[in-house]
file entry09.tsv (TSV, C-alpha atoms)
chain	number	residue	atom	x	y	z
E	268	MET	CA	-18.32	101.81	-38.80
E	269	PRO	CA	-18.95	100.76	-42.39
E	270	PHE	CA	-19.56	97.06	-43.04
E	271	ASP	CA	-20.72	94.64	-45.73
E	272	SER	CA	-23.43	92.06	-45.21
E	273	ILE	CA	-22.60	88.81	-47.01
E	274	LEU	CA	-23.92	85.26	-47.11
E	275	PRO	CA	-21.95	82.40	-45.50
E	276	ASP	CA	-20.94	80.92	-48.88
E	277	GLU	CA	-19.39	84.29	-49.86
E	278	ILE	CA	-16.98	84.42	-46.90
E	279	LEU	CA	-14.04	82.78	-48.68
E	280	LYS	CA	-14.34	85.20	-51.62
E	281	TYR	CA	-14.77	88.30	-49.44
E	282	SER	CA	-12.09	91.01	-49.90
E	283	GLY	CA	-12.62	92.89	-46.61
E	284	ASN	CA	-10.37	93.09	-43.55
E	285	LEU	CA	-12.38	91.28	-40.87
E	286	ILE	CA	-15.36	88.93	-40.73
E	287	LEU	CA	-17.93	88.65	-37.94
E	288	THR	CA	-19.99	85.46	-38.18
E	289	THR	CA	-21.36	82.56	-36.17
E	290	ARG	CA	-19.21	79.55	-35.29
E	291	LYS	CA	-21.58	77.34	-37.29
E	292	GLU	CA	-21.18	79.45	-40.47
E	293	SER	CA	-17.44	80.05	-40.05
E	294	PRO	CA	-15.22	78.25	-42.58
E	295	LYS	CA	-12.49	75.94	-41.25
E	296	LYS	CA	-9.73	77.89	-43.05
E	297	CYS	CA	-9.86	81.50	-44.13
E	298	GLU	CA	-7.22	84.07	-45.07
E	299	ILE	CA	-9.19	86.93	-43.48
E	300	PRO	CA	-9.33	87.18	-39.66
E	301	ILE	CA	-12.65	85.93	-38.28
E	302	LEU	CA	-14.44	86.92	-35.07
E	303	CYS	CA	-17.39	84.85	-33.93
E	304	GLU	CA	-20.59	86.21	-32.43
E	305	ASP	CA	-19.68	85.18	-28.88
E	306	ILE	CA	-17.36	88.21	-28.64
E	307	LEU	CA	-20.45	90.44	-28.66
E	308	GLU	CA	-20.86	89.51	-24.98
E	309	TYR	CA	-17.83	91.67	-24.15
E	310	HIS	CA	-17.89	95.36	-23.33
E	311	PRO	CA	-17.50	97.56	-26.46
E	312	THR	CA	-14.03	98.65	-25.31
E	313	VAL	CA	-12.82	95.05	-25.11
E	314	LEU	CA	-14.47	94.41	-28.47
E	315	ARG	CA	-12.52	97.31	-30.03
E	316	GLY	CA	-9.31	95.90	-28.57
E	317	LEU	CA	-10.03	92.38	-29.86
E	318	MET	CA	-10.68	93.80	-33.32
E	319	MET	CA	-7.34	95.63	-33.18
E	320	GLN	CA	-5.61	92.37	-32.19
E	321	LYS	CA	-7.20	90.46	-35.07
E	322	LEU	CA	-6.46	93.14	-37.66
E	323	ASP	CA	-2.79	93.23	-36.57
E	324	LEU	CA	-2.17	96.73	-37.91
E	325	ASN	CA	1.49	96.81	-36.80
E	326	TYR	CA	0.96	99.04	-33.80
E	327	GLU	CA	4.03	100.22	-31.92
E	328	GLU	CA	3.78	98.76	-28.43
E	329	GLU	CA	1.62	96.05	-26.99
E	330	PHE	CA	0.69	98.13	-23.93
E	331	LEU	CA	-2.65	98.57	-22.24
E	332	ILE	CA	-2.59	101.90	-20.40
E	333	LEU	CA	-5.45	103.13	-18.24
E	334	GLY	CA	-5.38	106.76	-17.08
E	335	ILE	CA	-7.56	107.62	-14.09
E	336	ASP	CA	-8.40	111.07	-12.75
E	337	PRO	CA	-9.71	110.42	-9.22
E	338	GLY	CA	-12.19	112.78	-7.63
E	339	GLN	CA	-15.91	113.30	-7.17
E	340	ARG	CA	-16.30	112.29	-10.82
E	341	ILE	CA	-13.62	109.80	-11.84
E	342	GLY	CA	-12.32	110.22	-15.39
E	343	LEU	CA	-11.04	107.19	-17.31
E	344	SER	CA	-9.03	107.02	-20.54
E	345	ILE	CA	-7.89	103.70	-22.02
E	346	PHE	CA	-5.11	103.34	-24.58
E	347	TYR	CA	-4.37	100.07	-26.35
E	348	TYR	CA	-1.49	99.75	-28.81
E	349	GLY	CA	-1.07	103.53	-28.54
E	350	LYS	CA	-4.67	104.33	-29.61
E	351	GLU	CA	-7.37	105.63	-27.31
E	352	ILE	CA	-10.19	103.08	-27.27
E	353	GLU	CA	-12.31	104.56	-24.47
E	354	ASN	CA	-12.87	107.74	-22.50
E	355	SER	CA	-15.57	107.81	-19.85
E	356	PHE	CA	-16.30	108.95	-16.31
E	357	TYR	CA	-17.73	107.33	-13.20
E	358	SER	CA	-19.31	108.61	-10.02
E	359	SER	CA	-18.77	105.32	-8.19
E	360	THR	CA	-15.38	103.81	-7.35
E	361	GLU	CA	-16.91	100.33	-7.28
E	362	LYS	CA	-18.35	100.63	-10.81
E	363	LEU	CA	-15.03	102.00	-12.07
E	364	VAL	CA	-13.03	99.12	-10.55
E	365	PHE	CA	-15.49	96.53	-11.89
E	366	HIS	CA	-15.13	98.06	-15.37
E	367	ILE	CA	-11.33	98.21	-15.15
E	368	ILE	CA	-11.18	94.54	-14.14
E	369	GLY	CA	-13.26	93.66	-17.22
E	370	ILE	CA	-10.85	95.58	-19.45
E	371	LEU	CA	-7.66	94.22	-17.83
E	372	SER	CA	-8.91	90.63	-18.02
E	373	GLY	CA	-10.45	90.98	-21.50
E	374	LEU	CA	-7.39	92.28	-23.37
E	375	ARG	CA	-3.94	90.74	-23.59
E	376	ALA	CA	-0.88	92.97	-23.46
E	377	LYS	CA	2.82	92.67	-22.66
E	378	ARG	CA	2.35	95.38	-20.05
E	379	LYS	CA	-0.80	96.52	-18.29
E	380	ILE	CA	-0.29	99.89	-16.64
E	381	VAL	CA	-2.82	101.77	-14.51
E	382	LYS	CA	-1.83	105.43	-14.13
E	383	ILE	CA	-3.67	107.31	-11.40
E	384	GLY	CA	-3.50	111.04	-10.75
E	385	ASN	CA	-2.25	112.05	-7.31
E	386	GLY	CA	-4.76	114.87	-6.81
E	387	HIS	CA	-7.10	112.86	-4.57
E	388	MET	CA	-4.91	110.19	-2.96
E	389	LYS	CA	-7.67	108.80	-0.73
E	390	ILE	CA	-9.71	107.75	-3.78
E	391	ALA	CA	-6.55	106.72	-5.68
E	392	LYS	CA	-5.48	104.36	-2.89
E	393	GLN	CA	-9.02	103.01	-2.62
E	394	ILE	CA	-8.97	102.16	-6.36
E	395	VAL	CA	-5.58	100.42	-6.03
E	396	SER	CA	-6.71	98.46	-2.98
E	397	MET	CA	-9.94	97.32	-4.67
E	398	LEU	CA	-8.07	96.32	-7.84
E	399	ASN	CA	-5.52	94.36	-5.82
E	400	LEU	CA	-8.26	92.52	-3.93
E	401	ASN	CA	-10.44	91.74	-6.95
E	402	PHE	CA	-8.11	91.28	-9.94
E	403	CYS	CA	-6.18	88.01	-9.99
E	404	SER	CA	-3.33	88.92	-12.31
E	405	SER	CA	-0.33	91.22	-12.18
E	406	PHE	CA	-0.34	94.80	-13.42
E	407	GLU	CA	1.63	97.98	-12.85
E	408	ILE	CA	0.48	101.09	-10.98
E	409	GLU	CA	1.86	104.59	-11.45
E	410	PHE	CA	0.89	107.56	-9.33
E	411	VAL	CA	1.20	110.52	-11.68
E	412	ASP	CA	1.49	114.23	-10.93
E	413	GLU	CA	-1.81	115.55	-12.25
E	414	ARG	CA	-1.03	119.25	-12.00
E	415	LYS	CA	-2.14	121.20	-15.09
E	416	THR	CA	-4.23	118.32	-16.46
E	417	SER	CA	-7.58	120.04	-15.87
E	418	LEU	CA	-8.29	122.49	-18.65
E	419	LYS	CA	-10.97	125.13	-18.45
E	420	ILE	CA	-13.90	124.02	-20.56
E	421	LYS	CA	-16.91	126.16	-21.43
E	422	ASN	CA	-20.02	125.30	-19.40
E	423	PHE	CA	-17.72	124.14	-16.56
E	424	ASN	CA	-17.66	120.32	-16.71
E	425	GLN	CA	-20.23	119.40	-19.29
E	426	ARG	CA	-20.92	115.64	-19.08
E	427	GLY	CA	-17.55	114.95	-17.45
E	428	LYS	CA	-15.49	116.22	-20.40
E	429	ARG	CA	-12.87	117.78	-18.15
E	430	ASP	CA	-12.48	114.60	-16.08
E	431	MET	CA	-12.10	112.44	-19.20
E	432	LEU	CA	-9.58	114.88	-20.72
E	433	SER	CA	-7.61	114.96	-17.46
E	434	ALA	CA	-7.55	111.14	-17.45
E	435	LYS	CA	-6.19	111.21	-21.00
E	436	TYR	CA	-3.37	113.58	-19.98
E	437	ILE	CA	-2.64	111.42	-16.91
E	438	SER	CA	-2.34	108.31	-19.13
E	439	GLN	CA	0.41	110.06	-21.11
E	440	ARG	CA	2.52	111.10	-18.12
E	441	ASN	CA	5.08	109.08	-16.21
E	442	GLY	CA	5.20	108.59	-12.49
E	443	HIS	CA	6.71	106.26	-9.92
E	444	ARG	CA	5.85	102.71	-11.01
E	445	TYR	CA	4.87	99.84	-8.70
E	446	SER	CA	4.35	96.26	-9.82
E	447	ILE	CA	1.24	94.81	-8.24
E	448	LEU	CA	1.20	91.05	-7.81
E	449	PRO	CA	-2.17	89.48	-7.06
E	450	LEU	CA	-2.84	88.45	-3.48
E	451	SER	CA	-3.27	84.86	-4.69
E	452	ILE	CA	0.47	84.83	-5.49
E	453	VAL	CA	1.73	86.96	-2.59
E	454	GLY	CA	-0.54	85.41	0.04
call {"tool": "encode", "arguments": {"input": "entry09.tsv", "output": "structure tokens"}}
result
Amino acid sequence: MPFDSILPDEILKYSGNLILTTRKESPKKCEIPILCEDILEYHPTVLRGLMMQKLDLNYEEEFLILGIDPGQRIGLSIFYYGKEIENSFYSSTEKLVFHIIGILSGLRAKRKIVKIGNGHMKIAKQIVSMLNLNFCSSFEIEFVDERKTSLKIKNFNQRGKRDMLSAKYISQRNGHRYSILPLSIVG
């Protein structure tokens, strides 16, 4: 990502789109959106999303959609405002759920939708159960038909490419939607 390095007294005259600075060096009023260094504590995916929020590029829908391809390797694809901001894979359900909770809690959206492929329902239900137990806010779950989401890739499944691509296709499909209310509300 290209950037300019400027001095604190040049911030008000800067003609760029976004400024990253310290709270101490941040001007009280500025026409350009400012992010302070404390956001660097967030995961890079949340950071990308926060930058998109600040830049306000007139994206279509304020949705956060997570596509999950459950299996031995779990593919993950995250779309925010209609743009893919992450694709990754996990070998541990616990690590995946911990990561998803960080994303769901780190980004605001009108709707937060977790779409899970129905190819391995035991793992899919385990993910939903762990999210429901550990995430204290509401979100929507969709179980999606994942047939024909796994493409043949040379060298079989090099670095989880097929799982990540399947998760991307899953995130773009529709399934039966369930609203999940946190246990703190339901009891």
call {"tool": "atom_distance", "arguments": {"input": "entry09.tsv", "atom1": "atom CA of Pro300 of chain E", "atom2": "atom CA of Leu274 of chain E"}}
result
16.5 Å
call {"tool": "closest_residue", "arguments": {"input": "entry09.tsv", "among": "E:Lys382, E:His387, E:Lys362, E:Lys377", "to": "Asn441 of chain E", "atoms": "only C-alpha atoms"}}
result
E:Lys382
call {"tool": "atom_distance", "arguments": {"input": "entry09.tsv", "atom1": "atom CA of Asp412 of chain E", "atom2": "atom CA of Ser355 of chain E"}}
result
20.3 Å
call {"tool": "atom_distance", "arguments": {"input": "entry09.tsv", "atom1": "atom CA of Met388 of chain E", "atom2": "atom CA of Glu329 of chain E"}}
result
28.6 Å
call {"tool": "closest_residue", "arguments": {"input": "entry09.tsv", "among": "E:Gln439, E:Thr312, E:Ser372, E:Ser359", "to": "Gly338 of chain E", "atoms": "all atoms listed in the file"}}
result
E:Ser359
